[in-house]
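**Student:** Below is the structure I would like to discuss, written out as structure tokens.
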There are 2 protein chains.
Amino acid sequence: MSDTSPPRRRPGGRTARVGAAVHEAVRTLLEERGRDGFTGRDVAERAGVNEATIYRRWGTLDNLLLDVAVAVARLNQEQPLPDTGSLRHDLRRWAERMNAELAAPEGLSLVYAAVAARADAAADADRAQRITDIAAARAELIEQMLDRARARGEHTPDLSRVLDRLVAPLYLRAIFGYGQPEHDLDDIIDNTLAE
Amino acid sequence: MSDTSPPRRRPGGRTARVGAAVHEAVRTLLEERGRDGFTGRDVAERAGVNEATIYRRWGTLDNLLLDVAVAVARLNQEQPLPDTGSLRHDLRRWAERMNAELAAPEGLSLVYAAVAARADAAADADRAQRITDIAAARAELIEQMLDRARARGEHTPDLSRVLDRLVAPLYLRAIFGYGQPEHDLDDIIDNTLAE
């Protein structure tokens, strides 16, 4: 459907289009060159916007990268949760999805942003808070799966156990690359569900 | 003991002194201002060396930060391993030490460097390799503790289980700040040692 009625276009339309073009440019550049391989000017050129627009809106390239990481995390969170009727199968599908996300070029952006924000927490409390909010939103999704399992009367571990026993090894493997998580996924899930 | 015999000073003495001053400056600046809070020029001023020296030797500030992370990791690795006669107590002491390291200002430098190197692996294979080497050296230390336990006839988990069940949750908690690992350390170690 083409938009033939510009007068009714909602305010912020241009802002949203610039935002989308800039995010798309960042994701492409991350994939092509890695995180240290481009500057704000490269993003501006790729997105077809003025470099000053980027710095006015995001302040620094690090803030823009955090913004992209947050958007990717939100997008991932909008996918429907696994709901197979069994916690074991829900966790398995969730873990496979998390592995795919972590393997993507921007997959560790959130870890990078979290570590940077933590290192700078005193200097930039707002940035640290945004990371905490994303982590809390992810935890909330896991809680939904656990609540359903509890309602079905399944033996259900608590959230911190799922974070420690399932999420943590997948992240550590993605960060340091010490193993193929899919090979051990059944063991990892057995351990998460152990009574 | 003051050095009164410059002719016998070994070659590389100045290089080593510059390196030590620059590393010390980076660690201080990390603590004072966080990772995004300083430039190569700030490091040079703090260390009392020429800025060009820094860029000639390390190339980029990111490379210098990686170098500091590697040095800190090596220093931590030079501490004698816990050797209490019981794997449970060895792992407990090792975990407490790891928590203290992760809580220090430069504690997550290695994670940051690992994620950056992984994002840029195509562009900078050498940097990615250095991270892999450090991770392998740490794994080797854990193996030493496990070998001793095996020799004592204790039930001994394999390395990947220790990484998944002990190291991973401590890292994830340090990165996303979702819990005080010391409260759950006994549970985490029980799970690592479960038969």
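Residue numbering restarts at 1 in every chain; chains get A, B, ... in the order shown in the structure tokens, and ligands count up from 1 in that same order.
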Find the residues around A:Val162 up to 10 Å (only C-alpha atoms counted), leave out those fewer than 3 positions away in its own chain, and share them as number ranges by chain.

**Tutor:** A: 91, 139, 142-143, 146, 156-159, 165-168, 189, 191-193

**Student:** Find the residues around A:Ala95 up to 10 Å (only C-alpha atoms counted), leave out those fewer than 3 positions away in its own chain, and share them as a list of chain:residue names.

**Tutor:** A:His89, A:Asp90, A:Leu91, A:Arg92, A:Met98, A:Asn99, A:Ala100, A:Glu101, A:Leu166, A:Val167, A:Leu170, A:Pro181, A:Glu182, A:Leu185, A:Ile188, A:Ile189

**Student:** Quick one: residues within 9 Å of B:Gly40, only C-alpha atoms counted, chain neighbours fewer than 5 positions away excluded, as a list in words?

**Tutor:**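 Contacts, with the query itself left out: Glu45, Glu51, Ile54, Tyr55, Thr60 and Leu61 of chain B.
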
**Student:** Using only C-alpha atoms, please write the residues we just selected to a file, as a compact mmCIF listing (two decimals), in the first residue's frame.

**Tutor:**
```txt
# COMPACT_ATOMS: atom_id res chain seq x y z
CA GLU B 45 49.98 12.48 29.66
CA GLU B 51 51.51 10.12 22.48
CA ILE B 54 51.73 4.80 22.26
CA TYR B 55 50.38 4.66 18.74
CA THR B 60 45.06 1.74 18.55
CA LEU B 61 43.68 2.44 22.00
```

**Student:** In Å to one decimal, how far is atom CA of B:Ala149 from atom CA of A:Asp190?

**Tutor:** 25.1 Å

**Student:** Using the chain letters and numbers from this document, which residues of stretch 10-111 of chain B does DSSP assign to alpha helix (DSSP H), as number ranges by chain?

**Tutor:** B: 13-33, 40-47, 51-58, 61-78, 87-103, 109-111

**Student:** What separation in Å, quoted to one decimal, exists between atom CA of A:Tyr112 and atom CA of A:Glu24?

**Tutor:**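 Atom CA of A:Glu24 lies at a distance of 18.9 Å from atom CA of A:Tyr112.
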
**Student:** Hey, which of A:Val26, A:Met145, A:Ala21, A:Ala69 ends up closest to A:Leu81? Count only C-alpha atoms.

**Tutor:**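 Looking only at the distances to A:Leu81, the closest residue turns out to be A:Met145.
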
**Student:** Report, in Å to a single decimal, how far apart atom CA of B:Ala103 and atom CA of A:Phe176 are.

**Tutor:**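 Between atom CA of A:Phe176 and atom CA of B:Ala103 the gap works out to 19.0 Å.
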